[in-house]
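Structure file structure.txt with compact mmCIF, C-alpha atoms:
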# COMPACT_ATOMS: atom_id res chain seq x y z
CA MET A 1 123.31 81.85 109.50
CA TYR A 2 123.06 83.75 112.79
CA ALA A 3 123.42 87.48 112.18
CA GLY A 4 125.72 87.88 115.18
CA ASN A 5 128.36 85.87 113.33
CA ILE A 6 128.34 88.44 110.53
CA ILE A 7 128.51 91.64 112.59
CA VAL A 8 131.76 92.01 114.55
CA ASP A 9 130.99 95.16 116.55
CA LEU A 10 127.29 95.21 117.50
CA GLU A 11 127.60 98.83 118.57
CA LYS A 12 128.94 100.03 115.21
CA PRO A 13 128.27 97.60 112.36
CA THR A 14 129.54 98.49 108.90
CA ILE A 15 127.33 98.95 105.85
CA LEU A 16 128.81 95.78 104.36
CA GLU A 17 127.99 93.80 107.51
CA LEU A 18 124.42 95.08 107.45
CA LEU A 19 124.02 94.17 103.78
CA ASN A 20 125.46 90.69 104.39
CA THR A 21 123.07 90.28 107.31
CA LEU A 22 120.11 91.05 105.06
CA LYS A 23 121.44 88.62 102.48
CA SER A 24 122.61 85.67 104.57
CA ALA A 25 121.09 85.77 108.06
CA GLU A 26 118.00 83.82 109.04
CA LYS A 27 114.85 85.76 108.17
CA LEU A 28 112.26 86.17 110.89
CA ASP A 29 108.68 87.34 110.36
CA LYS A 30 108.52 88.67 113.94
CA LEU A 31 110.64 89.13 117.03
CA PRO A 32 110.73 86.17 119.42
CA GLN A 33 108.78 86.29 122.65
CA ASN A 34 111.98 86.07 124.68
CA ILE A 35 114.59 88.64 123.60
CA GLU A 36 118.22 87.64 124.20
CA ASN A 37 120.99 89.93 125.43
CA ASN A 38 123.51 91.22 122.85
CA HIS A 39 121.61 89.62 120.02
CA VAL A 40 120.89 90.47 116.37
CA TYR A 41 117.53 89.81 114.71
CA ARG A 42 117.05 90.07 110.97
CA LEU A 43 113.37 90.72 110.21
CA CYS A 44 111.56 90.31 106.92
CA LEU A 45 108.09 91.70 107.58
CA ILE A 46 104.85 92.05 105.67
CA GLU A 47 103.20 95.42 105.18
CA LYS A 48 100.52 95.10 107.86
CA CYS A 49 103.13 94.02 110.45
CA LYS A 50 105.90 96.46 109.55
CA ASP A 51 105.73 98.25 112.93
CA ASP A 52 105.31 95.17 115.13
CA TYR A 53 109.01 95.10 116.03
CA LYS A 54 108.36 98.17 118.20
CA ALA A 55 106.24 96.10 120.62
CA ASP A 56 108.95 93.84 122.06
CA GLY A 57 107.78 93.90 125.68
CA PHE A 58 110.11 96.66 126.91
CA LEU A 59 109.70 100.40 127.48
CA TRP A 60 112.09 102.51 125.40
CA LYS A 61 113.23 106.09 124.98
CA ASN A 62 114.02 107.13 121.42
CA ILE A 63 117.19 109.18 121.67
CA GLY A 64 117.67 109.95 117.98
CA TRP A 65 118.23 108.62 114.49
CA THR A 66 120.64 109.03 111.60
CA PHE A 67 121.31 107.73 108.09
CA TYR A 68 123.91 105.06 107.48
CA SER A 69 125.04 105.35 103.87
CA LYS A 70 127.88 104.27 101.61
CA ALA A 71 128.13 103.76 97.84
CA GLY A 72 124.40 104.26 97.36
CA GLN A 73 123.42 101.74 100.07
CA GLU A 74 121.53 103.30 102.93
CA PHE A 75 119.93 102.44 106.26
CA ARG A 76 117.95 104.54 108.69
CA LYS A 77 119.35 103.91 112.16
CA SER A 78 117.29 104.65 115.29
CA TYR A 79 118.75 104.64 118.81
CA PHE A 80 116.83 103.54 121.90
CA LYS A 81 117.69 103.14 125.56
CA CYS A 82 115.56 101.39 128.14
CA SER A 83 113.16 103.50 130.17
CA THR A 84 113.85 102.95 133.86
CA SER A 85 113.35 104.80 137.13
CA ILE A 86 117.10 104.54 137.79
CA LYS A 87 118.74 106.92 135.33
CA GLU A 88 122.16 105.26 135.63
CA ASN A 89 120.70 102.02 134.25
CA GLU A 90 119.20 103.49 131.08
CA ASN A 91 122.33 102.87 128.99
CA LYS A 92 122.83 99.35 130.30
CA PHE A 93 120.22 97.97 127.92
CA LYS A 94 119.90 99.54 124.48
CA LYS A 95 118.37 98.83 121.10
CA HIS A 96 119.54 99.89 117.64
CA VAL A 97 117.19 99.51 114.69
CA TYR A 98 118.40 99.57 111.08
CA ILE A 99 115.75 99.93 108.37
CA SER A 100 116.76 99.52 104.75
CA THR A 101 115.75 102.52 102.66
CA ALA A 102 115.54 100.22 99.64
CA ASN A 103 112.85 98.14 101.37
CA ASN A 104 111.42 99.30 104.69
CA LEU A 105 110.24 95.75 105.42
CA ASP A 106 113.88 94.62 105.77
CA ILE A 107 114.84 95.48 109.34
CA ILE A 108 117.77 94.61 111.58
CA VAL A 109 117.26 94.94 115.34
CA ILE A 110 120.28 94.76 117.66
CA TYR A 111 119.91 94.51 121.44
CA LEU A 112 122.90 95.65 123.50
CA GLY A 113 123.52 95.05 127.19
CA ASN A 114 121.55 93.23 129.85
CA LYS A 115 117.76 93.19 129.67
CA GLU A 116 117.58 92.69 133.44
CA TYR A 117 118.04 96.46 133.75
CA ALA A 118 114.82 97.08 131.80
CA GLU A 119 111.93 97.56 134.22
CA LEU A 120 108.43 96.34 133.47
CA ARG A 121 106.26 98.95 135.15
CA PRO A 122 103.02 100.90 134.68
CA ARG A 123 103.15 103.60 132.06
CA GLY A 124 102.50 107.27 132.69
CA ASN A 125 101.10 108.89 135.82
CA VAL A 126 99.57 105.88 137.54
CA LYS A 127 98.49 106.79 141.06
CA LYS A 128 98.46 103.26 142.47
CA SER A 129 101.73 102.17 140.91
CA LYS A 130 102.34 99.47 143.51
CA ILE A 131 99.31 97.47 142.43
CA ALA A 132 99.02 98.56 138.79
CA ALA A 133 99.96 96.00 136.15
CA PRO A 134 103.11 96.60 134.07
CA PHE A 135 102.46 98.34 130.78
CA ARG A 136 102.50 96.02 127.78
CA ARG A 137 102.37 97.53 124.32
CA THR A 138 99.98 95.81 121.93
CA LEU A 139 101.24 94.94 118.47
CA PRO A 140 100.36 97.68 115.96
CA SER A 141 98.99 95.02 113.59
CA THR A 142 96.65 93.84 116.36
CA LEU A 143 95.42 97.40 116.91
CA SER A 144 94.73 97.70 113.17
CA GLU A 145 92.77 94.45 113.27
CA ILE A 146 90.74 95.70 116.24
CA ARG A 147 89.98 99.04 114.53
CA GLU A 148 88.68 97.20 111.48
CA THR A 149 86.69 94.56 113.37
CA VAL A 150 84.93 96.93 115.82
CA GLN A 151 83.28 98.63 112.86
CA HIS A 152 80.92 95.68 112.57
CA ASN A 153 80.99 93.98 116.01
CA THR A 154 80.66 94.83 119.69
CA ASP A 155 83.77 95.37 121.78
CA ALA A 156 83.10 92.24 123.87
CA LYS A 157 82.77 90.05 120.77
CA VAL A 158 85.95 91.45 119.21
CA TYR A 159 87.91 90.98 122.43
CA LYS A 160 86.88 87.33 122.78
CA LEU A 161 87.59 86.60 119.11
CA ILE A 162 91.12 88.04 119.09
CA VAL A 163 92.07 86.55 122.47
CA ALA A 164 90.92 83.12 121.29
CA THR A 165 93.02 83.27 118.10
CA SER A 166 96.16 85.08 119.33
CA GLU A 167 99.40 83.16 119.84
CA THR A 168 101.33 85.51 122.13
CA GLU A 169 100.58 88.01 124.88
CA THR A 170 101.51 91.01 122.73
CA SER A 171 99.29 89.84 119.86
CA ARG A 172 96.14 90.13 121.96
CA PRO A 173 94.43 93.26 123.33
CA ARG A 174 95.78 94.57 126.63
CA ASN A 175 92.28 94.38 128.11
CA ILE A 176 88.67 94.83 127.05
CA LYS A 177 88.86 98.55 127.86
CA GLN A 178 91.38 98.99 125.06
CA VAL A 179 88.92 97.43 122.60
CA ASN A 180 86.08 99.51 124.03
CA ASN A 181 88.05 102.73 123.51
CA LEU A 182 88.67 101.88 119.85
CA ARG A 183 85.01 100.97 119.39
CA GLN A 184 83.86 104.24 120.94
CA GLY A 185 86.35 106.15 118.79
CA PHE A 186 84.87 104.61 115.65
CA LEU A 187 81.28 105.33 116.74
CA SER A 188 82.03 108.94 117.63
CA LYS A 189 83.56 109.58 114.20
CA HIS A 190 80.48 108.20 112.45
CA ARG A 191 77.86 109.80 114.68
CA PRO A 192 75.63 112.21 112.70
CA THR A 193 76.55 115.85 113.26
CA ASN A 194 74.08 118.62 114.06
CA ASP A 195 74.31 119.87 110.47
CA GLU A 196 73.49 116.43 109.07
CA LEU A 197 70.49 116.06 111.37
CA LEU A 198 69.26 119.54 110.46
CA ASN A 199 69.52 118.68 106.75
CA VAL A 200 67.29 115.64 107.30
CA ILE A 201 64.70 117.81 109.07
CA LEU A 202 64.71 120.38 106.25
CA MET A 203 64.42 117.65 103.63
CA SER A 204 61.44 116.17 105.48
CA TYR A 205 59.67 119.54 105.12
CA GLU A 206 60.51 119.99 101.45
CA ILE A 207 59.85 116.49 100.06
CA ASN A 208 57.22 115.18 102.43
CA ASP A 209 55.84 112.92 99.71
CA TYR A 210 58.81 110.68 100.46
CA ILE A 211 60.15 111.56 103.90
CA ARG A 212 57.12 111.12 106.11
CA LEU A 213 58.74 111.06 109.53
CA ALA A 214 61.94 112.38 111.09
CA SER A 215 62.03 111.97 114.87
CA PHE A 216 64.72 112.97 117.38
CA PRO A 217 66.82 112.64 119.53
CA ASN A 218 66.96 109.03 118.34
CA LEU A 219 67.02 109.48 114.59
CA THR A 220 64.20 107.67 112.82
CA VAL A 221 63.50 108.42 109.18
CA VAL A 222 60.70 106.73 107.23
CA LEU A 223 60.73 107.13 103.45
CA ILE A 224 57.61 106.12 101.53
CA HIS A 225 55.92 107.41 98.40
CA LYS A 226 52.58 109.03 99.28
CA GLU A 227 50.61 107.31 96.51
CA ALA A 228 52.07 103.93 97.46
CA GLU A 229 51.03 104.54 101.05
CA GLU A 230 47.46 105.38 99.99
CA THR A 231 47.28 102.28 97.78
CA PHE A 232 48.47 100.06 100.61
CA GLN A 233 45.97 101.64 103.01
CA TYR A 234 43.19 100.95 100.48
CA LEU A 235 44.16 97.27 100.42
CA LEU A 236 44.06 97.12 104.21
CA ASP A 237 40.59 98.69 104.24
CA THR A 238 39.06 96.48 101.55
CA THR A 239 40.28 93.00 102.46
CA ASP A 240 40.25 90.78 105.50
CA GLU A 241 43.04 88.56 104.19
CA TYR A 242 46.57 88.57 105.56
CA ILE A 243 48.81 90.78 103.40
CA GLN A 244 52.48 89.84 103.20
CA LEU A 245 55.24 92.32 102.51
CA TYR A 246 58.22 91.22 100.43
CA TYR A 247 61.62 92.86 100.17
CA ASP A 248 62.66 92.88 96.55
CA THR A 249 66.20 94.11 96.99
CA THR A 250 68.61 95.63 99.47
CA PHE A 251 71.53 97.80 98.50
CA LYS A 252 74.01 100.02 100.27
CA ILE A 253 74.19 103.80 100.11
CA GLY A 254 77.33 104.96 101.89
CA SER A 255 77.14 103.39 105.36
CA PHE A 256 73.36 102.76 105.15
CA TYR A 257 71.35 99.83 103.79
CA LEU A 258 68.21 100.61 101.78
CA SER A 259 65.45 98.05 101.26
CA VAL A 260 62.91 98.44 98.47
CA SER A 261 59.60 96.59 98.70
Take the structure from the file and write it as C-alpha cells.
Amino acid sequence: MYAGNIIVDLEKPTILELLNTLKSAEKLDKLPQNIENNHVYRLCLIEKCKDDYKADGFLWKNIGWTFYSKAGQEFRKSYFKCSTSIKENENKFKKHVYISTANNLDIIVIYLGNKEYAELRPRGNVKKSKIAAPFRRTLPSTLSEIRETVQHNTDAKVYKLIVATSETETSRPRNIKQVNNLRQGFLSKHRPTNDELLNVILMSYEINDYIRLASFPNLTVVLIHKEAEETFQYLLDTTDEYIQLYYDTTFKIGSFYLSVS
C-alpha cells in the first residue's frame, strides 16, 4: 500500500497514521533516484545504510526536531527546508523525517511542496560558482566503504572499483579527490609519531643484539640475532654453493607483518 493513502495531512500526520504506515506501507531499502513532490516514503534500512536517506540529491537546512509521542509510541521528527539562494523559496520545498524510537532503522520521509524550487548548486564558498559543478552528497554507506577499503588499497584503485560496481550517482564517490582525502586521512592517523620513532632509536641502542639498524627519515628497522648473523656469515665464507633462504612463518603484530626465517 502507498503510504500517502494512509496519511491524510502530510504536514501533520497522527501517531496512528505513522504506525499504520510502518505496518502496511511498501518497505523500501533506499530512497528512489527521482524524488516525487508531496510524497511519502517508508524506509526499512540496514545498519550500515541507516543514514543514506540524508543523501537524496538536495541541499537542506535542518530547522529543528521534536518528539512525537502518544501512549508509549514515539517518533523523532526532524524538519528540513531546501537550501536556496532565494530566501522566499526555502519553504516551498520541505522534508519531514520521522524515525521510530523503537527501531531507528524504521524511517518515514515525507516531501512537501515542489522540488523545482530546490537549487542544485556548488556548496560553500566556491569562487568560480558559474562553472563549478553542483554539490552532490555521497551516501554515508559509500563513505564508510571507502574509509575501509583505502586502508589496504591506493585511492585510484578504490575509486575505479567503487565506480565500476555502483548503481546510482550518489552511491559512487563524488570524484577521485574525495577518495584521496580519505586515504590521506587514514595514512596521517597511522603515521609514526616522533615519540614512537625515538623509542625505536633508544631500543636499537639498548638491545643491539636484535635491532641492528634503525635509519631515518625513512624508517628502516632490521632485527636479527647476533649469533644467527655470525653463523650465516660463516656459511657464506666457507662455501661456494648457492644458499637459499626460506620463510618459515609470517604473523601479524598490530599493523605490522613479521617473518621468521
Self-check item: Non-local contacts of A:Leu31 (10 Å; only C-alpha atoms; under 4 positions in same chain excluded) as a PyMOL selection string
Solution: chain A and resi 35+41-43+52-56+109
Practice problem: Between A:Ile162, A:Leu235, A:Cys44, A:Val97, single out the one closest to A:Gly64, counting only C-alpha atoms. | Solution: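 When distances to A:Gly64 are compared using only C-alpha atoms, the smallest one comes from A:Val97.
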Exercise. Using all atoms listed in the file, find the one residue out of A:Ile15, A:Ile86, A:Val222, A:Cys49 that sits nearest to A:Tyr98.
Key: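 Counting all atoms listed in the file, the residue closest to A:Tyr98 is A:Ile15.
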Exercise. Find the residue from A:Lys48, A:Gln151, A:Asn38, A:Phe75 that sits nearest to A:Glu17; use only C-alpha atoms when measuring.
Key: A:Phe75
Self-check item: Residue with smallest distance to A:Glu167 - pool A:Gln33, A:Glu241, A:Thr14, A:Lys23, counting all atoms listed in the file
Solution: A:Gln33
